[in-house]
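J.: Just one file: input_38.txt, with compact mmCIF, C-alpha atoms and all ligand atoms.
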```txt
# COMPACT_ATOMS: atom_id res chain seq x y z
CA MET T 26 91.07 88.18 108.26
CA SER T 27 88.04 90.09 106.99
CA ALA T 28 88.29 92.10 103.77
CA LYS T 29 89.45 95.67 104.07
CA ARG T 30 86.83 98.32 103.43
CA VAL T 31 87.93 100.64 100.66
CA GLY T 32 85.96 103.72 99.64
CA VAL T 33 85.81 105.23 96.18
CA LEU T 34 85.24 108.99 96.23
CA ALA T 35 82.01 109.05 94.23
CA LEU T 36 81.46 112.68 93.28
CA GLN T 37 82.37 112.39 89.59
CA GLY T 38 84.48 110.15 87.35
CA ASP T 39 84.94 106.43 86.73
CA VAL T 40 83.66 105.28 90.12
CA ARG T 41 82.04 102.02 88.96
CA GLU T 42 85.23 100.80 87.30
CA HIS T 43 87.21 101.30 90.52
CA LEU T 44 84.53 99.60 92.64
CA ALA T 45 84.71 96.56 90.33
CA ALA T 46 88.52 96.55 90.28
CA LEU T 47 88.71 96.78 94.10
CA ARG T 48 86.24 93.91 94.54
CA GLU T 49 88.26 91.78 92.15
CA ALA T 50 91.36 92.71 94.15
CA GLY T 51 89.74 91.29 97.30
CA ALA T 52 88.49 94.44 99.03
CA GLU T 53 85.05 95.35 100.26
CA ALA T 54 84.40 98.41 98.09
CA THR T 55 81.95 101.17 98.87
CA THR T 56 81.13 104.66 97.62
CA VAL T 57 82.08 107.76 99.63
CA ARG T 58 79.96 110.89 99.21
CA ARG T 59 79.65 112.13 102.78
CA ARG T 60 81.71 112.50 105.89
CA SER T 61 80.24 109.53 107.76
CA GLU T 62 81.18 107.31 104.79
CA LEU T 63 84.68 108.77 104.70
CA ASP T 64 85.10 108.03 108.41
CA ALA T 65 84.18 104.36 107.87
CA VAL T 66 86.82 103.32 105.31
CA ASP T 67 90.32 101.81 105.70
CA GLY T 68 91.51 103.28 102.40
CA LEU T 69 90.26 105.60 99.66
CA VAL T 70 90.45 105.64 95.88
CA ILE T 71 90.12 108.93 94.04
CA PRO T 72 89.01 108.01 90.53
CA GLY T 73 89.83 109.33 87.11
CA GLY T 74 87.51 112.04 85.87
CA GLU T 75 87.89 115.80 86.06
CA SER T 76 89.89 117.12 88.99
CA THR T 77 88.38 120.62 88.80
CA THR T 78 84.86 119.16 89.11
CA ILE T 79 85.79 116.76 91.91
CA SER T 80 87.47 119.67 93.76
CA HIS T 81 84.42 121.89 93.30
CA LEU T 82 82.10 119.19 94.65
CA LEU T 83 84.42 118.51 97.62
CA ARG T 84 84.16 122.20 98.55
CA GLU T 85 80.39 122.31 98.01
CA LEU T 86 79.81 119.23 100.15
CA ASP T 87 82.17 120.40 102.94
CA LEU T 88 84.29 117.31 102.40
CA LEU T 89 87.55 119.02 101.45
CA GLU T 90 88.91 119.68 104.94
CA PRO T 91 87.73 116.34 106.43
CA LEU T 92 89.37 114.51 103.54
CA ARG T 93 92.61 116.48 103.89
CA ALA T 94 92.60 115.75 107.60
CA ARG T 95 92.11 111.99 107.14
CA LEU T 96 94.90 111.89 104.55
CA ALA T 97 97.18 113.85 106.87
CA GLU T 98 96.46 111.25 109.58
CA GLY T 99 97.66 108.56 107.16
CA LEU T 100 94.51 107.23 105.46
CA PRO T 101 95.89 105.04 102.63
CA ALA T 102 94.91 106.44 99.24
CA TYR T 103 95.20 105.58 95.58
CA GLY T 104 94.52 108.13 92.84
CA SER T 105 94.31 107.50 89.10
CA CYS T 106 94.70 110.40 86.68
CA ALA T 107 92.39 113.10 88.15
CA GLY T 108 93.00 111.32 91.46
CA MET T 109 96.76 111.62 91.00
CA ILE T 110 96.36 115.35 90.42
CA MET T 111 94.36 115.74 93.61
CA LEU T 112 96.79 113.79 95.80
CA ALA T 113 99.64 116.19 94.90
CA THR T 114 101.05 118.97 97.04
CA GLU T 115 101.18 121.32 94.06
CA ILE T 116 99.22 121.42 90.78
CA LEU T 117 100.42 123.26 87.67
CA ASP T 118 97.82 124.35 85.06
CA ALA T 119 95.25 123.77 87.81
CA GLY T 120 92.37 125.37 85.88
CA ALA T 121 90.39 128.62 85.74
CA PRO T 122 90.59 130.88 88.81
CA GLY T 123 87.84 129.95 91.26
CA ARG T 124 87.41 126.53 89.63
CA GLU T 125 90.92 125.17 90.16
CA ALA T 126 91.81 121.62 91.01
CA THR T 127 92.67 121.61 94.73
CA PRO T 128 95.70 119.71 96.06
CA LEU T 129 94.97 117.31 98.91
CA LYS T 130 98.70 117.15 99.73
CA ALA T 131 99.00 113.42 100.41
CA ILE T 132 102.06 112.93 98.17
CA ASP T 133 104.98 115.38 98.07
CA MET T 134 104.96 116.04 94.32
CA THR T 135 104.23 118.70 91.72
CA VAL T 136 101.85 117.50 89.02
CA ARG T 137 101.08 119.19 85.71
CA ARG T 138 97.43 118.77 84.78
CA ASN T 139 96.66 117.78 81.16
CA ALA T 140 100.42 117.62 80.52
CA PHE T 141 100.31 114.88 77.88
CA GLY T 142 97.05 116.35 76.57
CA ARG T 143 98.89 119.28 75.11
CA GLN T 144 100.79 116.83 72.91
CA VAL T 145 98.27 114.06 72.30
CA ASP T 146 94.87 113.66 73.98
CA SER T 147 95.13 109.97 74.77
CA PHE T 148 97.51 107.10 74.17
CA GLU T 149 98.43 103.67 75.47
CA ALA T 150 101.82 102.26 76.44
CA ASP T 151 103.36 99.20 78.11
CA LEU T 152 105.31 100.29 81.19
CA ASP T 153 107.77 98.77 83.62
CA PHE T 154 106.28 99.20 87.09
CA THR T 155 108.30 98.74 90.28
CA GLY T 156 106.85 95.93 92.39
CA ILE T 157 104.85 94.38 89.54
CA ASP T 158 106.20 91.57 87.38
CA GLY T 159 105.83 92.06 83.65
CA PRO T 160 104.68 95.13 81.74
CA VAL T 161 101.61 97.12 82.76
CA HIS T 162 99.42 98.19 79.86
CA ALA T 163 98.62 101.82 80.62
CA VAL T 164 95.77 103.90 79.19
CA PHE T 165 96.37 107.67 79.35
CA ILE T 166 93.47 110.10 78.82
CA ARG T 167 94.25 113.83 79.05
CA ALA T 168 96.75 112.66 81.61
CA PRO T 169 98.98 114.59 84.00
CA TRP T 170 102.64 113.92 84.57
CA VAL T 171 104.77 114.47 87.66
CA GLU T 172 107.35 117.26 87.40
CA ARG T 173 108.87 117.06 90.88
CA VAL T 174 108.93 114.50 93.65
CA GLY T 175 110.07 114.99 97.22
CA PRO T 176 112.73 112.85 98.92
CA ASP T 177 110.19 110.43 100.43
CA VAL T 178 108.49 109.67 97.12
CA GLU T 179 109.36 106.53 95.18
CA VAL T 180 108.98 106.65 91.40
CA LEU T 181 107.17 103.47 90.27
CA ALA T 182 106.88 104.06 86.53
CA ARG T 183 107.81 106.41 83.72
CA ALA T 184 106.44 106.91 80.22
CA GLY T 185 109.52 107.97 78.29
CA GLU T 186 111.19 110.57 80.48
CA HIS T 187 108.03 111.49 82.38
CA ILE T 188 107.11 110.16 85.82
CA VAL T 189 103.64 108.58 85.68
CA ALA T 190 103.38 106.48 88.85
CA VAL T 191 104.58 107.18 92.39
CA ARG T 192 104.24 106.03 95.94
CA GLN T 193 104.79 107.78 99.26
CA GLY T 194 104.16 105.45 102.20
CA ASN T 195 100.65 104.12 101.76
CA ALA T 196 99.63 106.65 99.09
CA ILE T 197 99.92 105.60 95.44
CA ALA T 198 99.15 107.58 92.30
CA THR T 199 99.13 106.74 88.59
CA ALA T 200 98.64 109.14 85.68
CA PHE T 201 96.88 106.32 83.82
CA HIS T 202 93.77 104.19 84.37
CA PRO T 203 94.31 100.54 85.44
CA GLU T 204 90.61 100.41 86.33
CA MET T 205 89.88 100.43 82.59
CA THR T 206 92.05 97.54 81.45
CA GLY T 207 91.01 94.50 83.52
CA ASP T 208 94.54 94.22 84.96
CA ARG T 209 94.04 94.25 88.73
CA ARG T 210 97.69 94.20 89.78
CA ILE T 211 97.85 97.87 90.80
CA HIS T 212 94.61 97.65 92.78
CA LYS T 213 95.97 94.49 94.45
CA LEU T 214 99.19 96.34 95.28
CA PHE T 215 97.13 99.03 96.99
CA VAL T 216 94.77 96.63 98.78
CA SER T 217 97.62 94.41 99.98
CA GLY T 218 99.19 97.40 101.76
CA LEU T 219 96.08 98.13 103.84
N1 LIG W 301 92.42 116.06 82.71
C1 LIG W 301 91.69 115.54 83.83
C2 LIG W 301 91.81 116.44 85.04
O1 LIG W 301 92.35 117.48 84.98
C3 LIG W 301 92.15 114.16 84.20
C4 LIG W 301 91.77 113.18 83.10
C5 LIG W 301 91.41 111.82 83.58
O2 LIG W 301 91.20 111.58 84.77
N2 LIG W 301 91.30 110.94 82.63
O3 LIG W 301 91.34 116.09 86.09
```
For this file, produce the structure as structure tokens.
T.:
Amino acid sequence: MSAKRVGVLALQGDVREHLAALREAGAEATTVRRRSELDAVDGLVIPGGESTTISHLLRELDLLEPLRARLAEGLPAYGSCAGMIMLATEILDAGAPGREATPLKAIDMTVRRNAFGRQVDSFEADLDFTGIDGPVHAVFIRAPWVERVGPDVEVLARAGEHIVAVRQGNAIATAFHPEMTGDRRIHKLFVSGL
């Protein structure tokens, strides 16, 4: 079977790290900056970065509605940190009016942007993660947390009491950055579901 073609939304954020992680996880990884590139992928990663900036660029490049439409049709997606925020149905503390992070509505959840950041800007923790053997070392940077999940959403990991990883069908989101640690198990989990 040929490798699945996975796009990384390459408007802003840690695109290179996700491309490398996806290749190590066995996918053919490619950048997505335009509609024709979006149409050509079997799955999409939305990287960590700044969700307000990624949202702004999606609107500027007329990619917002095409991306929403592909997600609504079931395009598998994985979002880390800013990407988690964008995959939500509802975003709290979404940013300044007119520059807000825009929900792509792929996962039925309410996410609070910069939630941990109000307490501590960044931290690391070892987490239990459903479907992965052994602890996952998680790096959180101005990270969101999940305040509500819908009935079809499976919680995959928590940091303390807060939900930090979820899955709904073939959409996965983590509040932390596995692309930064060299641990490819979460990218493999995503790629193996394609
Ligand atoms: N705070 C960022 C945002 O709102 C996310 C941080 C990150 O991706 N490391 O998008």
J.: Find, counting all atoms listed in the file, the residue in T:Leu47, T:Met109, T:Leu63, T:Ala35 that gets nearest to ligand LIG 301 (chain W).
T.: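 Among the listed residues, the smallest separation from ligand LIG 301 (chain W) belongs to T:Met109.
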J.: Neighbours of ligand LIG 301 (chain W) within 6 Å, counting all atoms listed in the file, as a list of chain:residue names?
T.: T:Gly73, T:Gly74, T:Glu75, T:Ser76, T:Cys106, T:Ala107, T:Arg138, T:Asn139, T:Ile166, T:Arg167, T:Ala168
J.: Extract, using only C-alpha atoms, all DNA, RNA and protein residues at most 10 Å from Asp153 of chain T, discarding same-chain residues fewer than 4 positions from it, and format them as a list of chain:residue names.
T.: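 Surrounding residues, per the criterion: T:Ile157, T:Asp158, T:Gly159, T:Pro160, T:Val161, T:His162, T:Leu181, T:Ala182, T:Arg183, T:Ala184.
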J.: Could you save those same residues with C-alpha atoms as a short mmCIF file (atom, residue, chain, number, x, y, z; two decimals), in the frame of the given file?
T.:
```cif
data_model
loop_
_atom_site.label_atom_id
_atom_site.label_comp_id
_atom_site.auth_asym_id
_atom_site.auth_seq_id
_atom_site.Cartn_x
_atom_site.Cartn_y
_atom_site.Cartn_z
CA ILE T 157 104.85 94.38 89.54
CA ASP T 158 106.20 91.57 87.38
CA GLY T 159 105.83 92.06 83.65
CA PRO T 160 104.68 95.13 81.74
CA VAL T 161 101.61 97.12 82.76
CA HIS T 162 99.42 98.19 79.86
CA LEU T 181 107.17 103.47 90.27
CA ALA T 182 106.88 104.06 86.53
CA ARG T 183 107.81 106.41 83.72
CA ALA T 184 106.44 106.91 80.22
#
```
J.: Figure out the distance between atom CA of Ala190 of chain T and atom CA of Glu53 of chain T, please, to one decimal in Å.
T.: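 For atom CA of Glu53 of chain T relative to atom CA of Ala190 of chain T, the distance reads 24.3 Å.
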J.: Calculate how many Å separate atom CA of Leu34 of chain T from atom CA of Pro101 of chain T, rounding to one decimal.
T.: 13.0 Å
J.: Near Asp118 of chain T, within 12 Å and counting only C-alpha atoms, which residues show up once chain neighbours fewer than 3 positions away are dropped, as number ranges by chain?
T.: T: 76-77, 110, 115, 121-122, 124-127, 135-140, 142-143, 169-170
J.: Kindly give the distance, in Å, that separates atom CA of Phe201 of chain T and atom CA of Leu69 of chain T, rounded to a single decimal.
T.: 17.2 Å
J.: Please work out which residues fall within 7 Å of (98.8, 109.9, 102.3), coordinates as given in the file, with all atoms listed in the file counting, and return them as a PyMOL selection string.
T.: chain T and resi 96-97+99-102+131-132+194-196
J.: Which residue gives the smallest distance to Arg84 of chain T among T:His43, T:Lys29, T:Leu129, T:Phe141, with only C-alpha atoms counted?
T.: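 Using only C-alpha atoms, Arg84 of chain T sits closest to T:Leu129.
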J.: Please provide as a list in words all residues within 8 Å of Val164 of chain T, with the sequence filter that same-chain residues fewer than 5 positions apart are discarded (counting all atoms listed in the file).
T.: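 So the residues in contact are Ser147, Phe148, Glu149, Ala150, Phe201, His202, Pro203, Met205 and Thr206 of chain T.
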J.: Take every atom of segment 153-164 of chain T listed in the file, fit an axis-aligned box around them, add 5 Å per side, and give the centre and edge lengths in Å to one decimal as JSON.
T.:
```
{"center_x": 102.0, "center_y": 97.7, "center_z": 85.8, "size_x": 22.5, "size_y": 22.3, "size_z": 23.2}
```
J.: Using only C-alpha atoms, determine which residues lie at most 10 Å from Leu36 of chain T, disregarding the query and same-chain residues fewer than 2 positions distant; provide the list as JSON, numbers by chain.
T.: {"T": [33, 34, 38, 39, 40, 56, 57, 58, 59, 71, 72, 74, 78, 79, 80, 81, 82, 83, 86]}
J.: Please produce a file of the residues just selected, as an mmCIF file, keeping the file's coordinate frame, where the atoms kept are C-alpha atoms.
T.:
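In the end it all went to part_35.cif:
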```cif
data_model
loop_
_atom_site.group_PDB
_atom_site.id
_atom_site.type_symbol
_atom_site.label_atom_id
_atom_site.label_comp_id
_atom_site.auth_asym_id
_atom_site.auth_seq_id
_atom_site.Cartn_x
_atom_site.Cartn_y
_atom_site.Cartn_z
ATOM 1 C CA VAL T 33 85.810 105.230 96.180
ATOM 2 C CA LEU T 34 85.240 108.990 96.230
ATOM 3 C CA GLY T 38 84.480 110.150 87.350
ATOM 4 C CA ASP T 39 84.940 106.430 86.730
ATOM 5 C CA VAL T 40 83.660 105.280 90.120
ATOM 6 C CA THR T 56 81.130 104.660 97.620
ATOM 7 C CA VAL T 57 82.080 107.760 99.630
ATOM 8 C CA ARG T 58 79.960 110.890 99.210
ATOM 9 C CA ARG T 59 79.650 112.130 102.780
ATOM 10 C CA ILE T 71 90.120 108.930 94.040
ATOM 11 C CA PRO T 72 89.010 108.010 90.530
ATOM 12 C CA GLY T 74 87.510 112.040 85.870
ATOM 13 C CA THR T 78 84.860 119.160 89.110
ATOM 14 C CA ILE T 79 85.790 116.760 91.910
ATOM 15 C CA SER T 80 87.470 119.670 93.760
ATOM 16 C CA HIS T 81 84.420 121.890 93.300
ATOM 17 C CA LEU T 82 82.100 119.190 94.650
ATOM 18 C CA LEU T 83 84.420 118.510 97.620
ATOM 19 C CA LEU T 86 79.810 119.230 100.150
#
```
J.: From the set T:Leu112, T:Val66, T:Ala94, T:Val191, which residue has the shortest atom-to-atom contact distance to Asp177 of chain T, counting only C-alpha atoms?
T.: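 Among the listed residues, the smallest separation from Asp177 of chain T belongs to T:Val191.
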J.: Tell me which of T:Met111, T:Leu219, T:Val31, T:Met134 sits closest to Ile188 of chain T, counting all atoms listed in the file.
T.: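 For Ile188 of chain T, the nearest of the candidates is T:Met134.
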J.: Would you kindly place N, CA, C and O atoms on segment 85-106 of chain T and return the model as a PDB file, in the frame of the given file?
T.:
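Once written, selection-v8.pdb looks like this:
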```pdb
ATOM      1  N   GLU T  85      81.837 122.128  97.841  1.00  0.00           N
ATOM      2  CA  GLU T  85      80.390 122.310  98.010  1.00  0.00           C
ATOM      3  C   GLU T  85      79.821 121.411  99.103  1.00  0.00           C
ATOM      4  O   GLU T  85      78.897 121.794  99.801  1.00  0.00           O
ATOM      5  N   LEU T  86      80.360 120.211  99.204  1.00  0.00           N
ATOM      6  CA  LEU T  86      79.810 119.230 100.150  1.00  0.00           C
ATOM      7  C   LEU T  86      80.526 119.262 101.502  1.00  0.00           C
ATOM      8  O   LEU T  86      80.290 118.404 102.354  1.00  0.00           O
ATOM      9  N   ASP T  87      81.401 120.279 101.679  1.00  0.00           N
ATOM     10  CA  ASP T  87      82.170 120.400 102.940  1.00  0.00           C
ATOM     11  C   ASP T  87      82.964 119.137 103.264  1.00  0.00           C
ATOM     12  O   ASP T  87      83.089 118.735 104.427  1.00  0.00           O
ATOM     13  N   LEU T  88      83.484 118.519 102.218  1.00  0.00           N
ATOM     14  CA  LEU T  88      84.290 117.310 102.400  1.00  0.00           C
ATOM     15  C   LEU T  88      85.782 117.582 102.268  1.00  0.00           C
ATOM     16  O   LEU T  88      86.598 116.732 102.619  1.00  0.00           O
ATOM     17  N   LEU T  89      86.139 118.763 101.761  1.00  0.00           N
ATOM     18  CA  LEU T  89      87.550 119.020 101.450  1.00  0.00           C
ATOM     19  C   LEU T  89      88.425 118.941 102.700  1.00  0.00           C
ATOM     20  O   LEU T  89      89.418 118.201 102.725  1.00  0.00           O
ATOM     21  N   GLU T  90      88.066 119.666 103.736  1.00  0.00           N
ATOM     22  CA  GLU T  90      88.910 119.680 104.940  1.00  0.00           C
ATOM     23  C   GLU T  90      88.888 118.329 105.670  1.00  0.00           C
ATOM     24  O   GLU T  90      89.953 117.845 106.077  1.00  0.00           O
ATOM     25  N   PRO T  91      87.716 117.688 105.822  1.00  0.00           N
ATOM     26  CA  PRO T  91      87.730 116.340 106.430  1.00  0.00           C
ATOM     27  C   PRO T  91      88.593 115.356 105.656  1.00  0.00           C
ATOM     28  O   PRO T  91      89.315 114.550 106.264  1.00  0.00           O
ATOM     29  N   LEU T  92      88.559 115.435 104.342  1.00  0.00           N
ATOM     30  CA  LEU T  92      89.370 114.510 103.540  1.00  0.00           C
ATOM     31  C   LEU T  92      90.847 114.824 103.709  1.00  0.00           C
ATOM     32  O   LEU T  92      91.667 113.914 103.919  1.00  0.00           O
ATOM     33  N   ARG T  93      91.205 116.103 103.644  1.00  0.00           N
ATOM     34  CA  ARG T  93      92.610 116.480 103.890  1.00  0.00           C
ATOM     35  C   ARG T  93      93.079 115.991 105.240  1.00  0.00           C
ATOM     36  O   ARG T  93      94.198 115.493 105.388  1.00  0.00           O
ATOM     37  N   ALA T  94      92.224 116.145 106.236  1.00  0.00           N
ATOM     38  CA  ALA T  94      92.600 115.750 107.600  1.00  0.00           C
ATOM     39  C   ALA T  94      92.825 114.242 107.676  1.00  0.00           C
ATOM     40  O   ALA T  94      93.805 113.783 108.267  1.00  0.00           O
ATOM     41  N   ARG T  95      91.936 113.456 107.076  1.00  0.00           N
ATOM     42  CA  ARG T  95      92.110 111.990 107.140  1.00  0.00           C
ATOM     43  C   ARG T  95      93.386 111.572 106.406  1.00  0.00           C
ATOM     44  O   ARG T  95      94.090 110.676 106.837  1.00  0.00           O
ATOM     45  N   LEU T  96      93.664 112.219 105.286  1.00  0.00           N
ATOM     46  CA  LEU T  96      94.900 111.890 104.550  1.00  0.00           C
ATOM     47  C   LEU T  96      96.116 112.269 105.383  1.00  0.00           C
ATOM     48  O   LEU T  96      97.098 111.520 105.435  1.00  0.00           O
ATOM     49  N   ALA T  97      96.051 113.408 106.038  1.00  0.00           N
ATOM     50  CA  ALA T  97      97.180 113.850 106.870  1.00  0.00           C
ATOM     51  C   ALA T  97      97.412 112.886 108.033  1.00  0.00           C
ATOM     52  O   ALA T  97      98.545 112.700 108.484  1.00  0.00           O
ATOM     53  N   GLU T  98      96.326 112.250 108.498  1.00  0.00           N
ATOM     54  CA  GLU T  98      96.460 111.250 109.580  1.00  0.00           C
ATOM     55  C   GLU T  98      96.972 109.915 109.068  1.00  0.00           C
ATOM     56  O   GLU T  98      97.164 108.978 109.842  1.00  0.00           O
ATOM     57  N   GLY T  99      97.090 109.782 107.714  1.00  0.00           N
ATOM     58  CA  GLY T  99      97.660 108.560 107.160  1.00  0.00           C
ATOM     59  C   GLY T  99      96.673 107.615 106.499  1.00  0.00           C
ATOM     60  O   GLY T  99      97.012 106.456 106.244  1.00  0.00           O
ATOM     61  N   LEU T 100      95.456 108.083 106.196  1.00  0.00           N
ATOM     62  CA  LEU T 100      94.510 107.230 105.460  1.00  0.00           C
ATOM     63  C   LEU T 100      95.154 106.797 104.142  1.00  0.00           C
ATOM     64  O   LEU T 100      95.546 107.644 103.334  1.00  0.00           O
ATOM     65  N   PRO T 101      95.309 105.481 103.895  1.00  0.00           N
ATOM     66  CA  PRO T 101      95.890 105.040 102.630  1.00  0.00           C
ATOM     67  C   PRO T 101      95.018 105.502 101.456  1.00  0.00           C
ATOM     68  O   PRO T 101      93.785 105.492 101.538  1.00  0.00           O
ATOM     69  N   ALA T 102      95.668 105.910 100.374  1.00  0.00           N
ATOM     70  CA  ALA T 102      94.910 106.440  99.240  1.00  0.00           C
ATOM     71  C   ALA T 102      95.560 106.015  97.934  1.00  0.00           C
ATOM     72  O   ALA T 102      96.776 105.841  97.849  1.00  0.00           O
ATOM     73  N   TYR T 103      94.711 105.819  96.939  1.00  0.00           N
ATOM     74  CA  TYR T 103      95.200 105.580  95.580  1.00  0.00           C
ATOM     75  C   TYR T 103      94.440 106.502  94.634  1.00  0.00           C
ATOM     76  O   TYR T 103      93.206 106.557  94.660  1.00  0.00           O
ATOM     77  N   GLY T 104      95.155 107.231  93.805  1.00  0.00           N
ATOM     78  CA  GLY T 104      94.520 108.130  92.840  1.00  0.00           C
ATOM     79  C   GLY T 104      94.950 107.789  91.434  1.00  0.00           C
ATOM     80  O   GLY T 104      96.144 107.602  91.176  1.00  0.00           O
ATOM     81  N   SER T 105      93.976 107.688  90.509  1.00  0.00           N
ATOM     82  CA  SER T 105      94.310 107.500  89.100  1.00  0.00           C
ATOM     83  C   SER T 105      93.946 108.767  88.337  1.00  0.00           C
ATOM     84  O   SER T 105      92.832 109.272  88.476  1.00  0.00           O
ATOM     85  N   CYS T 106      94.880 109.262  87.586  1.00  0.00           N
ATOM     86  CA  CYS T 106      94.700 110.400  86.680  1.00  0.00           C
ATOM     87  C   CYS T 106      94.186 111.637  87.425  1.00  0.00           C
ATOM     88  O   CYS T 106      94.965 112.273  88.127  1.00  0.00           O
TER      89      CYS T 106
END
```
